[in-house]
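Have a look at target.cif below; it lists mmCIF, C-alpha atoms.
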```cif
data_entry
loop_
_atom_site.label_atom_id
_atom_site.label_comp_id
_atom_site.auth_asym_id
_atom_site.auth_seq_id
_atom_site.Cartn_x
_atom_site.Cartn_y
_atom_site.Cartn_z
CA MET A 1 99.52 -71.91 35.85
CA PRO A 2 99.72 -68.20 36.82
CA LEU A 3 96.56 -67.56 34.82
CA LEU A 4 94.76 -70.39 36.61
CA VAL A 5 95.84 -69.03 39.98
CA THR A 6 94.48 -65.57 39.11
CA THR A 7 91.08 -67.13 38.48
CA LEU A 8 91.18 -68.74 41.92
CA THR A 9 92.48 -65.80 43.99
CA ASP A 10 93.12 -62.05 43.67
CA SER A 11 96.40 -62.18 45.62
CA PRO A 12 99.54 -61.45 43.55
CA ILE A 13 101.61 -62.98 46.36
CA VAL A 14 99.96 -66.34 45.73
CA VAL A 15 100.88 -66.11 42.04
CA GLY A 16 104.51 -65.58 43.10
CA LEU A 17 104.37 -68.80 45.12
CA ILE A 18 104.40 -70.90 41.91
CA PRO A 19 108.11 -70.49 41.08
CA ALA A 20 109.02 -70.33 44.77
CA ILE A 21 107.38 -73.67 45.60
CA HIS A 22 108.78 -75.25 42.44
CA SER A 23 112.34 -74.09 43.18
CA VAL A 24 112.37 -75.16 46.82
CA SER A 25 110.78 -78.54 46.06
CA TYR A 26 113.18 -79.22 43.18
CA TYR A 27 116.46 -78.26 44.83
CA LEU A 28 115.93 -79.34 48.45
CA PRO A 29 115.88 -83.16 48.04
CA GLN A 30 118.77 -83.52 45.60
CA LEU A 31 121.62 -84.09 48.04
CA PHE A 32 119.50 -86.56 50.02
CA ALA A 33 118.76 -88.49 46.82
CA ALA A 34 122.36 -88.37 45.57
CA ASN A 35 123.60 -90.57 48.43
CA HIS A 36 121.09 -93.26 47.44
CA ALA A 37 121.79 -92.88 43.72
CA GLU A 38 125.49 -93.64 44.20
CA SER A 39 124.67 -97.07 45.63
CA MET A 40 122.68 -98.28 42.59
CA LYS A 41 124.23 -100.31 39.78
CA ARG A 42 121.47 -99.15 37.43
CA LYS A 43 119.78 -95.78 37.87
CA LEU A 44 116.95 -96.27 35.36
CA PRO A 45 114.49 -98.30 37.53
CA PHE A 46 114.69 -95.67 40.28
CA VAL A 47 114.38 -92.76 37.82
CA ALA A 48 111.44 -94.40 36.06
CA LEU A 49 109.60 -95.02 39.33
CA VAL A 50 110.12 -91.56 40.80
CA GLY A 51 109.76 -89.80 37.44
CA GLY A 52 106.50 -91.62 36.78
CA LEU A 53 104.69 -91.48 40.12
CA LEU A 54 105.97 -88.24 41.62
CA GLU A 55 106.96 -86.11 38.64
CA ARG A 56 104.22 -86.91 36.09
CA VAL A 57 101.11 -88.26 37.83
CA PRO A 58 100.39 -85.00 39.76
CA TYR A 59 99.51 -83.19 36.50
CA LEU A 60 96.87 -85.83 35.74
CA LEU A 61 95.44 -85.51 39.26
CA ILE A 62 95.39 -81.70 39.06
CA GLY A 63 93.40 -81.91 35.81
CA ILE A 64 90.86 -84.27 37.37
CA ALA A 65 90.57 -82.10 40.49
CA ILE A 66 89.92 -78.96 38.41
CA LEU A 67 87.24 -80.79 36.48
CA LEU A 68 85.48 -81.94 39.66
CA TRP A 69 85.84 -79.07 42.14
CA ALA A 70 87.11 -75.84 40.55
CA GLN A 71 83.63 -74.36 40.16
CA ASP A 72 82.52 -74.90 43.75
CA SER A 73 85.77 -75.04 45.78
CA PRO A 74 88.41 -72.68 44.37
CA THR A 75 90.41 -72.67 47.63
CA LEU A 76 90.62 -76.47 47.58
CA ILE A 77 91.86 -76.37 43.99
CA LEU A 78 94.48 -73.76 44.93
CA ILE A 79 95.77 -76.02 47.71
CA LEU A 80 95.76 -79.10 45.46
CA LEU A 81 97.50 -77.15 42.68
CA PHE A 82 100.37 -76.14 44.95
CA LEU A 83 100.59 -79.66 46.39
CA GLY A 84 100.75 -81.00 42.84
CA ILE A 85 103.40 -78.50 41.71
CA GLY A 86 105.48 -79.21 44.82
CA THR A 87 105.18 -82.98 44.42
CA ALA A 88 106.09 -82.91 40.74
CA ALA A 89 109.09 -80.65 41.36
CA MET A 90 110.19 -82.81 44.31
CA GLY A 91 109.99 -85.90 42.10
CA ALA A 92 112.15 -84.18 39.49
CA GLY A 93 114.63 -83.14 42.18
CA ILE A 94 114.86 -86.64 43.68
CA ALA A 95 115.39 -88.16 40.23
CA THR A 96 117.86 -85.59 38.86
CA PRO A 97 121.17 -86.88 40.34
CA ALA A 98 120.40 -90.44 39.22
CA TRP A 99 118.92 -89.35 35.88
CA PHE A 100 121.84 -87.19 34.86
CA THR A 101 124.32 -89.85 35.93
CA MET A 102 122.39 -92.30 33.73
CA ILE A 103 122.65 -89.82 30.82
CA GLY A 104 126.40 -89.76 31.40
CA LYS A 105 126.46 -93.56 31.13
CA VAL A 106 124.32 -94.01 28.01
CA LEU A 107 125.82 -91.08 26.05
CA PRO A 108 129.55 -90.60 25.42
CA VAL A 109 131.03 -87.26 26.44
CA ASN A 110 131.30 -86.06 22.82
CA ARG A 111 127.60 -86.65 22.11
CA ARG A 112 125.89 -85.11 25.13
CA GLY A 113 125.94 -81.57 23.80
CA MET A 114 124.28 -82.52 20.51
CA PHE A 115 121.72 -84.65 22.37
CA PHE A 116 120.63 -81.71 24.51
CA GLY A 117 120.96 -79.27 21.63
CA ILE A 118 118.58 -81.21 19.41
CA SER A 119 116.13 -82.11 22.20
CA GLU A 120 116.01 -78.57 23.62
CA GLY A 121 115.78 -77.07 20.12
CA LEU A 122 112.89 -79.31 19.10
CA GLY A 123 111.27 -78.66 22.47
CA ALA A 124 111.42 -74.91 21.86
CA LEU A 125 109.82 -75.27 18.42
CA VAL A 126 107.10 -77.60 19.68
CA GLY A 127 106.56 -75.14 22.51
CA ILE A 128 105.45 -72.54 19.97
CA ALA A 129 102.76 -74.93 18.72
CA GLY A 130 101.82 -75.69 22.32
CA ALA A 131 101.38 -72.00 23.08
CA VAL A 132 99.01 -71.65 20.10
CA VAL A 133 96.96 -74.62 21.31
CA VAL A 134 96.80 -73.17 24.83
CA GLY A 135 95.43 -69.90 23.48
CA ILE A 136 92.78 -71.67 21.39
CA VAL A 137 91.64 -73.87 24.29
CA LEU A 138 91.46 -70.97 26.74
CA ASP A 139 89.43 -68.89 24.26
CA THR A 140 87.04 -71.56 22.97
CA VAL A 141 86.43 -73.89 25.93
CA SER A 142 84.56 -72.65 28.98
CA TYR A 143 86.00 -72.55 32.50
CA PRO A 144 86.94 -74.81 34.27
CA MET A 145 86.95 -77.37 31.46
CA ASN A 146 89.60 -75.38 29.58
CA PHE A 147 92.21 -75.61 32.35
CA ALA A 148 91.30 -79.21 33.14
CA LEU A 149 91.71 -80.14 29.49
CA LEU A 150 95.15 -78.49 29.30
CA PHE A 151 96.42 -80.36 32.36
CA LEU A 152 95.02 -83.65 31.08
CA VAL A 153 96.60 -83.19 27.64
CA ALA A 154 99.89 -82.20 29.28
CA SER A 155 99.80 -85.40 31.37
CA VAL A 156 99.34 -87.45 28.18
CA PHE A 157 102.48 -85.97 26.63
CA MET A 158 104.38 -86.43 29.90
CA GLY A 159 103.28 -90.06 29.83
CA ILE A 160 104.68 -90.41 26.31
CA SER A 161 107.97 -88.92 27.52
CA TRP A 162 108.04 -91.52 30.32
CA VAL A 163 107.85 -94.28 27.69
CA GLY A 164 110.91 -92.77 26.01
CA LEU A 165 112.67 -92.72 29.37
CA VAL A 166 112.11 -96.39 30.16
CA LEU A 167 113.27 -97.45 26.67
CA ASN A 168 116.82 -96.38 27.57
CA ARG A 169 119.32 -99.24 27.69
CA GLU A 170 121.55 -98.53 30.66
CA PRO A 171 124.59 -100.67 31.44
CA GLU A 172 125.41 -101.52 35.03
CA SER A 173 127.92 -99.25 36.75
CA PRO A 174 131.26 -101.08 37.12
CA ILE A 175 131.89 -99.27 40.42
CA ILE A 176 129.25 -98.34 42.97
CA LYS A 177 129.57 -96.77 46.40
CA LYS A 178 128.06 -98.17 49.56
CA GLN A 179 125.28 -95.97 50.91
CA ILE A 180 126.48 -94.28 54.08
CA PRO A 181 124.57 -92.59 56.93
CA LEU A 182 123.39 -89.13 55.93
CA ARG A 183 125.38 -87.52 58.75
CA HIS A 184 128.62 -88.93 57.33
CA TYR A 185 127.53 -88.16 53.81
CA PHE A 186 126.97 -84.48 54.55
CA GLN A 187 130.29 -84.30 56.41
CA GLN A 188 132.13 -85.01 53.16
CA LEU A 189 130.62 -82.11 51.23
CA PRO A 190 132.85 -79.28 52.57
CA ALA A 191 135.90 -81.46 51.83
CA ILE A 192 134.79 -81.79 48.19
CA LEU A 193 134.86 -78.03 47.83
CA ARG A 194 138.24 -77.79 49.57
CA ASN A 195 139.96 -80.58 47.63
CA HIS A 196 138.47 -80.13 44.16
CA HIS A 197 139.85 -76.70 43.35
CA ASN A 198 138.72 -76.52 39.73
CA PHE A 199 135.17 -77.52 40.67
CA ARG A 200 135.15 -74.83 43.37
CA HIS A 201 136.40 -72.25 40.87
CA PHE A 202 133.63 -73.28 38.50
CA LEU A 203 130.90 -72.92 41.13
CA ILE A 204 132.08 -69.42 42.07
CA SER A 205 132.50 -68.29 38.47
CA TYR A 206 129.21 -69.75 37.25
CA SER A 207 127.31 -68.34 40.24
CA ILE A 208 128.53 -64.84 39.37
CA SER A 209 127.69 -65.22 35.68
CA ARG A 210 124.32 -66.69 36.64
CA LEU A 211 123.49 -63.48 38.52
CA GLY A 212 123.71 -61.80 35.14
CA MET A 213 120.62 -63.83 34.21
CA MET A 214 118.59 -61.73 36.66
CA ALA A 215 117.64 -59.61 33.63
CA VAL A 216 116.05 -62.42 31.59
CA GLY A 217 112.48 -61.85 32.73
CA PHE A 218 112.63 -58.08 32.32
CA PHE A 219 113.48 -57.67 28.62
CA ILE A 220 109.90 -57.85 27.36
CA VAL A 221 108.61 -55.70 30.25
CA PHE A 222 111.28 -53.10 29.50
CA GLY A 223 110.37 -53.11 25.81
CA ASN A 224 106.67 -52.73 26.52
CA LYS A 225 107.20 -49.90 29.01
CA ASN A 226 109.55 -47.90 26.80
CA PHE A 227 108.25 -48.59 23.30
CA ASN A 228 104.55 -49.40 23.88
CA LEU A 229 104.78 -52.74 22.08
CA SER A 230 101.78 -53.99 20.13
CA GLY A 231 100.64 -57.60 20.29
CA ALA A 232 102.39 -58.20 16.96
CA ASP A 233 105.61 -56.70 18.34
CA VAL A 234 105.48 -58.99 21.38
CA GLY A 235 104.82 -61.96 19.12
CA THR A 236 107.78 -61.03 16.91
CA LEU A 237 110.17 -60.67 19.85
CA THR A 238 108.94 -63.97 21.32
CA ALA A 239 109.48 -65.67 17.97
CA VAL A 240 113.00 -64.18 17.75
CA LEU A 241 113.79 -65.42 21.25
CA ILE A 242 112.47 -68.96 20.72
CA GLY A 243 113.82 -69.18 17.18
CA SER A 244 117.32 -68.10 18.20
CA GLN A 245 117.23 -70.60 21.07
CA ALA A 246 116.19 -73.41 18.74
CA VAL A 247 118.92 -72.67 16.19
CA MET A 248 121.70 -71.90 18.66
CA GLN A 249 120.99 -74.96 20.80
CA VAL A 250 121.89 -77.23 17.89
CA ILE A 251 124.99 -75.19 17.00
CA LEU A 252 126.15 -74.84 20.60
CA GLY A 253 125.39 -78.49 21.32
CA TRP A 254 127.85 -79.39 18.59
CA MET A 255 130.35 -76.82 19.92
CA GLY A 256 130.07 -78.24 23.43
CA ASP A 257 130.89 -81.71 22.11
CA LYS A 258 133.92 -80.39 20.20
CA GLN A 259 135.28 -77.63 22.45
CA GLY A 260 133.95 -78.53 25.91
CA HIS A 261 131.11 -77.07 27.92
CA LYS A 262 133.18 -74.37 29.62
CA PHE A 263 133.35 -72.78 26.16
CA ASN A 264 129.55 -72.70 25.95
CA LEU A 265 129.04 -71.27 29.43
CA THR A 266 131.57 -68.54 28.64
CA ILE A 267 129.60 -67.73 25.47
CA SER A 268 126.43 -67.66 27.57
CA ALA A 269 127.89 -65.10 29.97
CA PHE A 270 129.17 -62.74 27.27
CA ALA A 271 125.99 -63.11 25.18
CA MET A 272 124.00 -62.13 28.27
CA ALA A 273 126.22 -59.08 28.78
CA LEU A 274 125.82 -58.03 25.13
CA ALA A 275 122.05 -58.54 25.33
CA ALA A 276 121.98 -56.12 28.26
CA VAL A 277 124.07 -53.61 26.29
CA PHE A 278 121.71 -53.73 23.29
CA ALA A 279 118.73 -53.27 25.62
CA ILE A 280 120.35 -50.22 27.22
CA ILE A 281 121.05 -48.54 23.87
CA ALA A 282 117.78 -49.59 22.21
CA THR A 283 115.75 -46.70 20.79
CA SER A 284 112.86 -48.59 19.21
CA PHE A 285 111.20 -51.97 18.84
CA LEU A 286 113.48 -52.87 15.92
CA THR A 287 116.66 -52.15 17.87
CA LEU A 288 115.47 -54.56 20.58
CA ILE A 289 115.66 -57.51 18.18
CA PRO A 290 119.46 -58.02 18.55
CA ALA A 291 119.02 -58.05 22.33
CA PHE A 292 116.48 -60.87 22.05
CA MET A 293 118.70 -62.81 19.66
CA LEU A 294 121.60 -62.60 22.12
CA LEU A 295 119.26 -63.45 25.00
CA GLY A 296 118.19 -66.60 23.15
CA THR A 297 121.86 -67.49 22.60
CA ALA A 298 122.65 -67.02 26.30
CA ILE A 299 119.72 -69.19 27.41
CA ALA A 300 120.50 -71.87 24.81
CA SER A 301 124.15 -72.29 25.78
CA ASP A 302 123.26 -72.32 29.48
CA ASN A 303 120.56 -74.98 28.97
CA ILE A 304 122.95 -77.27 27.12
CA SER A 305 126.04 -77.03 29.27
CA LYS A 306 125.22 -76.15 32.88
CA PHE A 307 124.69 -79.82 33.85
CA ASN A 308 126.88 -81.48 31.22
CA ILE A 309 129.99 -79.77 32.53
CA VAL A 310 129.35 -81.05 36.06
CA LEU A 311 129.60 -84.68 34.90
CA GLU A 312 133.15 -83.98 33.71
CA PHE A 313 134.36 -82.78 37.11
CA ALA A 314 133.68 -86.15 38.77
CA VAL A 315 134.40 -89.84 38.30
CA PRO A 316 131.19 -91.75 37.44
CA GLU A 317 130.58 -93.11 40.95
CA ASP A 318 130.71 -89.56 42.42
CA GLN A 319 128.60 -87.83 39.78
CA PRO A 320 125.28 -87.89 41.70
CA THR A 321 126.91 -86.04 44.60
CA PHE A 322 128.49 -83.43 42.33
CA ILE A 323 125.17 -82.85 40.54
CA GLY A 324 123.20 -82.57 43.79
CA LEU A 325 125.82 -80.30 45.36
CA THR A 326 125.92 -78.02 42.31
CA ASN A 327 122.14 -77.61 42.16
CA THR A 328 121.85 -77.06 45.90
CA LEU A 329 124.56 -74.39 46.01
CA LEU A 330 123.20 -72.63 42.93
CA ALA A 331 119.61 -72.64 44.22
CA PRO A 332 119.90 -69.33 46.15
CA VAL A 333 121.41 -67.60 43.10
CA THR A 334 118.71 -68.97 40.78
CA PHE A 335 115.94 -68.10 43.22
CA LEU A 336 117.14 -64.67 44.38
CA GLY A 337 118.54 -63.34 41.08
CA PRO A 338 115.17 -62.24 39.59
CA ILE A 339 114.10 -60.82 42.97
CA ILE A 340 117.31 -58.76 43.15
CA GLY A 341 116.70 -57.61 39.58
CA GLY A 342 113.20 -56.45 40.49
CA LEU A 343 114.49 -54.55 43.53
CA ILE A 344 117.11 -52.80 41.38
CA VAL A 345 114.44 -51.81 38.84
CA SER A 346 112.33 -50.36 41.67
CA ALA A 347 115.27 -48.50 43.23
CA LEU A 348 117.00 -47.35 40.04
CA SER A 349 115.58 -48.17 36.60
CA PHE A 350 115.51 -50.89 33.98
CA GLN A 351 118.74 -49.49 32.54
CA GLY A 352 120.37 -49.61 35.97
CA MET A 353 119.37 -53.25 36.37
CA PHE A 354 120.74 -54.09 32.92
CA VAL A 355 124.06 -52.44 33.84
CA VAL A 356 124.30 -54.50 37.03
CA ALA A 357 123.39 -57.70 35.16
CA MET A 358 125.96 -56.87 32.47
CA CYS A 359 128.70 -56.44 35.09
CA PHE A 360 127.92 -59.77 36.75
CA ALA A 361 127.86 -61.52 33.36
CA ILE A 362 131.20 -60.02 32.27
CA VAL A 363 132.96 -60.83 35.54
CA GLY A 364 131.54 -64.37 35.57
CA GLY A 365 132.51 -64.88 31.91
CA LEU A 366 136.08 -63.70 32.52
CA LEU A 367 136.41 -65.99 35.54
CA LEU A 368 135.10 -68.95 33.54
CA LEU A 369 137.53 -68.12 30.74
CA PHE A 370 140.70 -67.60 32.75
CA TRP A 371 140.17 -69.17 36.20
CA VAL A 372 138.40 -72.45 35.37
CA GLN A 373 140.26 -75.21 33.56
CA GLU A 374 138.30 -77.12 30.93
CA PRO A 375 137.44 -80.29 32.93
CA ARG A 376 137.55 -82.46 29.82
CA HIS A 377 141.32 -81.90 29.71
CA THR A 378 141.96 -82.60 33.43
CA PRO A 379 141.33 -86.11 34.85
CA PRO A 380 138.64 -86.00 37.58
CA LEU A 381 139.65 -86.84 41.13
CA PRO A 382 137.53 -89.25 43.19
CA ILE A 383 136.14 -88.10 46.51
CA SER A 384 138.74 -88.89 49.16
CA PRO A 385 137.67 -91.56 51.70
CA ASP A 386 139.16 -89.30 54.38
CA ALA A 387 136.37 -86.80 53.68
CA ILE A 388 133.79 -88.92 55.51
CA GLU A 389 135.84 -89.92 58.55
#
```
Could you take the file, read its structure, and then write that structure out as structure tokens?
Amino acid sequence: MPLLVTTLTDSPIVVGLIPAIHSVSYYLPQLFAANHAESMKRKLPFVALVGGLLERVPYLLIGIAILLWAQDSPTLILILLFLGIGTAAMGAGIATPAWFTMIGKVLPVNRRGMFFGISEGLGALVGIAGAVVVGIVLDTVSYPMNFALLFLVASVFMGISWVGLVLNREPESPIIKKQIPLRHYFQQLPAILRNHHNFRHFLISYSISRLGMMAVGFFIVFGNKNFNLSGADVGTLTAVLIGSQAVMQVILGWMGDKQGHKFNLTISAFAMALAAVFAIIATSFLTLIPAFMLLGTAIASDNISKFNIVLEFAVPEDQPTFIGLTNTLLAPVTFLGPIIGGLIVSALSFQGMFVVAMCFAIVGGLLLLFWVQEPRHTPPLPISPDAIE
């Protein structure tokens, strides 16, 4: 997508709008959707509808639009691209509270980690093949057919994934909550944070450790700037990163099922801190490899457990609200972290940014380890009815 945008405009600011629009569109609707999700006995029909029309169809429409108008109307394509990205992300955001609650229903607590470990691991490996195909298409097919073809092929695979989604067999929820006016619904949210102490501790601890992830996007840039990496070096480091993710996601998925997901998120924080340390002391391309291995471990454990742990803080009928609240509160950290990292690099250096990231990761990891109780070992409390009065 960034490459497509650079063919349509020279503005680097417009390129930066891609993650910004995606983040805002994904996180903003979640709490609004969670209220509705709690009133449904079965989440799958809603998830399938929203996930099909809003989340997947825009990629097909973008491909068709590029094919028809990219040559003559680049500004129109730019507008349609951002509308498509925003719509797809909004669809994912609307569906997420219901979708993850459905996952919690169809998978027992001691199988969710392995499910995400295997799916994320296979996804990472298939992603390598996808990257090769993208390069071949961009090099061998002329513009704009190359980009149109990539979007159309992507929409086919997203359609296949939708078939997998609708084949889920979801039981009805034994307890559902009556949908309440949004004003009353939002009034209960501060009370959740006041009354659910362990959940509040988790949000604070994880937010701090998540700030340590500000360094993720800078490792390869740091390596290239300091060690003048060749294309083969970049390919090797990318392979190390994706390969370590693929392997560790299976291992850590199993660990999450056995030990709990707080264990994984603690590993993620300390792996991120160690990755920063190895980057700081790196003296050559070869000494960067351990940093990328640890970075892959940190990303893998975070991918597996950041949502799975939230399900264990809440009773089933409250899970959509807890998921929506978590994502909404973490949105500023996720969005601003890389920006803060870039500002620190500009003001200090890459090493200075890695030191700051390391400190956040260590503090967050220690808080997760000693301040947060493993939710699997503490019965979840339902949201108090008094919270909405």
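Distances from A:Leu311, A:Leu211, A:Lys262, A:Phe219 to A:Ala357 were compared using all atoms listed in the file, and the smallest one belongs to A:Leu211.
Applied to the shown file, the PyMOL selection byres ((chain A and resi 186) around 12) selects the residues Leu31, Phe32, Ala33, Ala34, Asn35, Ile180, Pro181, Leu182, Arg183, His184, Tyr185, Gln187, Gln188, Leu189, Pro190, Ala191, Ile192, Thr321, Gly324, Leu325, Ala387, Ile388 and Glu389 of chain A.
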* To do: Record the distance separating atom CA of A:Arg376 and atom CA of A:Phe313, expressed in Å with one decimal.
  => 8.0 Å
* d(atom CA of A:Gly117, atom CA of A:Leu252) in Å -> 6.9 Å
* Structure fact -> Residue with the minimum atom-to-atom distance to A:Pro332, picked from A:Ala20, A:Val133, A:Val153, A:Leu68 with only C-alpha atoms counted, is A:Ala20
* Counting only C-alpha atoms, find the residues whose atoms lie at most 8 Å from (129.0, -65.6, 35.5) (file coordinates) and write them out as JSON, numbers by chain. => {"A": [205, 206, 207, 208, 209, 210, 211, 212, 266, 269, 360, 361, 362, 363, 364, 365, 366, 367, 368]}
Would you export the selected residues with C-alpha atoms as a PDB file, keeping the file's coordinate frame, please?
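Printed below is part.pdb as written:
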```
ATOM      1  CA  SER A 205     132.500 -68.290  38.470  1.00  0.00           C
ATOM      2  CA  TYR A 206     129.210 -69.750  37.250  1.00  0.00           C
ATOM      3  CA  SER A 207     127.310 -68.340  40.240  1.00  0.00           C
ATOM      4  CA  ILE A 208     128.530 -64.840  39.370  1.00  0.00           C
ATOM      5  CA  SER A 209     127.690 -65.220  35.680  1.00  0.00           C
ATOM      6  CA  ARG A 210     124.320 -66.690  36.640  1.00  0.00           C
ATOM      7  CA  LEU A 211     123.490 -63.480  38.520  1.00  0.00           C
ATOM      8  CA  GLY A 212     123.710 -61.800  35.140  1.00  0.00           C
ATOM      9  CA  THR A 266     131.570 -68.540  28.640  1.00  0.00           C
ATOM     10  CA  ALA A 269     127.890 -65.100  29.970  1.00  0.00           C
ATOM     11  CA  PHE A 360     127.920 -59.770  36.750  1.00  0.00           C
ATOM     12  CA  ALA A 361     127.860 -61.520  33.360  1.00  0.00           C
ATOM     13  CA  ILE A 362     131.200 -60.020  32.270  1.00  0.00           C
ATOM     14  CA  VAL A 363     132.960 -60.830  35.540  1.00  0.00           C
ATOM     15  CA  GLY A 364     131.540 -64.370  35.570  1.00  0.00           C
ATOM     16  CA  GLY A 365     132.510 -64.880  31.910  1.00  0.00           C
ATOM     17  CA  LEU A 366     136.080 -63.700  32.520  1.00  0.00           C
ATOM     18  CA  LEU A 367     136.410 -65.990  35.540  1.00  0.00           C
ATOM     19  CA  LEU A 368     135.100 -68.950  33.540  1.00  0.00           C
TER      20      LEU A 368
END
```
* How would you write, as a PyMOL selection string, the residues chosen by the PyMOL selection byres ((chain A and resi 26-29) around 10) on this structure? -> chain A and resi 20-25+30-34+85-96+324-332
* Once the PyMOL selection byres ((chain A and resi 261) around 9) has been applied to the shown file, what residues remain in the selection, as a ChimeraX atom specification? -> /A:113,253,255-260,262-266,301,304-306,308-309,374-376
* Can you work out which one of A:Ala282, A:Ala271, A:Ala98, A:Leu203 has the shortest atom-to-atom distance to A:Val333, counting only C-alpha atoms? => A:Leu203
* To do: Calculate how many Å separate atom CA of A:Trp69 from atom CA of A:Phe147, rounding to one decimal.
  => 12.2 Å
* Asked: Hey, can you pull every residue with an atom no more than 10 Å from (117.8, -54.5, 21.3), using all atoms listed in the file, and send it as an MDAnalysis selection string?
  -> chainID A and resid 219 223 237 274:295
Tell me, as a tab-separated table (two decimals) with C-alpha atoms, in the frame of the given file, which residues lie within 10 Å of A:Thr378, counting only C-alpha atoms; anything in the same chain fewer than 5 positions away does not count.
```
chain	number	residue	atom	x	y	z
A	198	ASN	CA	138.72	-76.52	39.73
A	312	GLU	CA	133.15	-83.98	33.71
A	313	PHE	CA	134.36	-82.78	37.11
A	373	GLN	CA	140.26	-75.21	33.56
```
Just need the box for stretch 267-272 of chain A, edges along x, y and z, holding every atom the file lists for it with 8 Å tacked onto each side, so centre and edge lengths in Å to one decimal, as JSON.
```
{"center_x": 126.8, "center_y": -64.9, "center_z": 27.6, "size_x": 21.6, "size_y": 21.6, "size_z": 20.8}
```
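Distance check against A:Leu67 using only C-alpha atoms: of A:Gly342, A:Pro108, A:Pro97, A:Pro144, the minimum falls on A:Pro144.
For the set A:Val247, A:Trp254, A:Val234, A:Phe151, the residue with the smallest atom-to-atom gap to A:Asn110 is A:Trp254, counting only C-alpha atoms.
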* To do: Find the spatial neighbours of A:Leu167, counting all atoms listed in the file, within a cut-off of 12 Å - ignore same-chain residues fewer than 2 positions away - and output them as a count of residues only.
  => 12
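Among the candidate residues A:Ile118, A:Pro58, A:Ala215, A:Ser39, the one lying nearest to A:Leu336 is A:Ala215, with distances computed using only C-alpha atoms.
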Model the absent atoms of stretch 127-139 of chain A so that N, CA and C atoms are present, and write the result as a short mmCIF file (atom, residue, chain, number, x, y, z; two decimals), in the coordinates of the input.
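Result file follows (part-v3.cif):
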```cif
data_model
loop_
_atom_site.label_atom_id
_atom_site.label_comp_id
_atom_site.auth_asym_id
_atom_site.auth_seq_id
_atom_site.Cartn_x
_atom_site.Cartn_y
_atom_site.Cartn_z
N GLY A 127 107.17 -76.04 21.54
CA GLY A 127 106.56 -75.14 22.51
C GLY A 127 105.77 -74.02 21.87
N ILE A 128 106.20 -73.58 20.69
CA ILE A 128 105.45 -72.54 19.97
C ILE A 128 104.07 -73.08 19.60
N ALA A 129 104.05 -74.31 19.06
CA ALA A 129 102.76 -74.93 18.72
C ALA A 129 101.91 -75.12 19.97
N GLY A 130 102.55 -75.52 21.07
CA GLY A 130 101.82 -75.69 22.32
C GLY A 130 101.19 -74.40 22.79
N ALA A 131 101.92 -73.29 22.65
CA ALA A 131 101.38 -72.00 23.08
C ALA A 131 100.15 -71.61 22.26
N VAL A 132 100.17 -71.93 20.96
CA VAL A 132 99.01 -71.65 20.10
C VAL A 132 97.81 -72.46 20.56
N VAL A 133 98.04 -73.75 20.86
CA VAL A 133 96.96 -74.62 21.31
C VAL A 133 96.38 -74.12 22.63
N VAL A 134 97.26 -73.70 23.54
CA VAL A 134 96.80 -73.17 24.83
C VAL A 134 95.86 -71.98 24.61
N GLY A 135 96.27 -71.06 23.75
CA GLY A 135 95.43 -69.90 23.48
C GLY A 135 94.08 -70.28 22.92
N ILE A 136 94.06 -71.24 21.99
CA ILE A 136 92.78 -71.67 21.39
C ILE A 136 91.88 -72.31 22.44
N VAL A 137 92.44 -73.18 23.27
CA VAL A 137 91.64 -73.87 24.29
C VAL A 137 91.09 -72.88 25.30
N LEU A 138 91.92 -71.94 25.75
CA LEU A 138 91.46 -70.97 26.74
C LEU A 138 90.35 -70.07 26.17
N ASP A 139 90.42 -69.79 24.88
CA ASP A 139 89.43 -68.89 24.26
C ASP A 139 88.13 -69.60 23.87
#
```
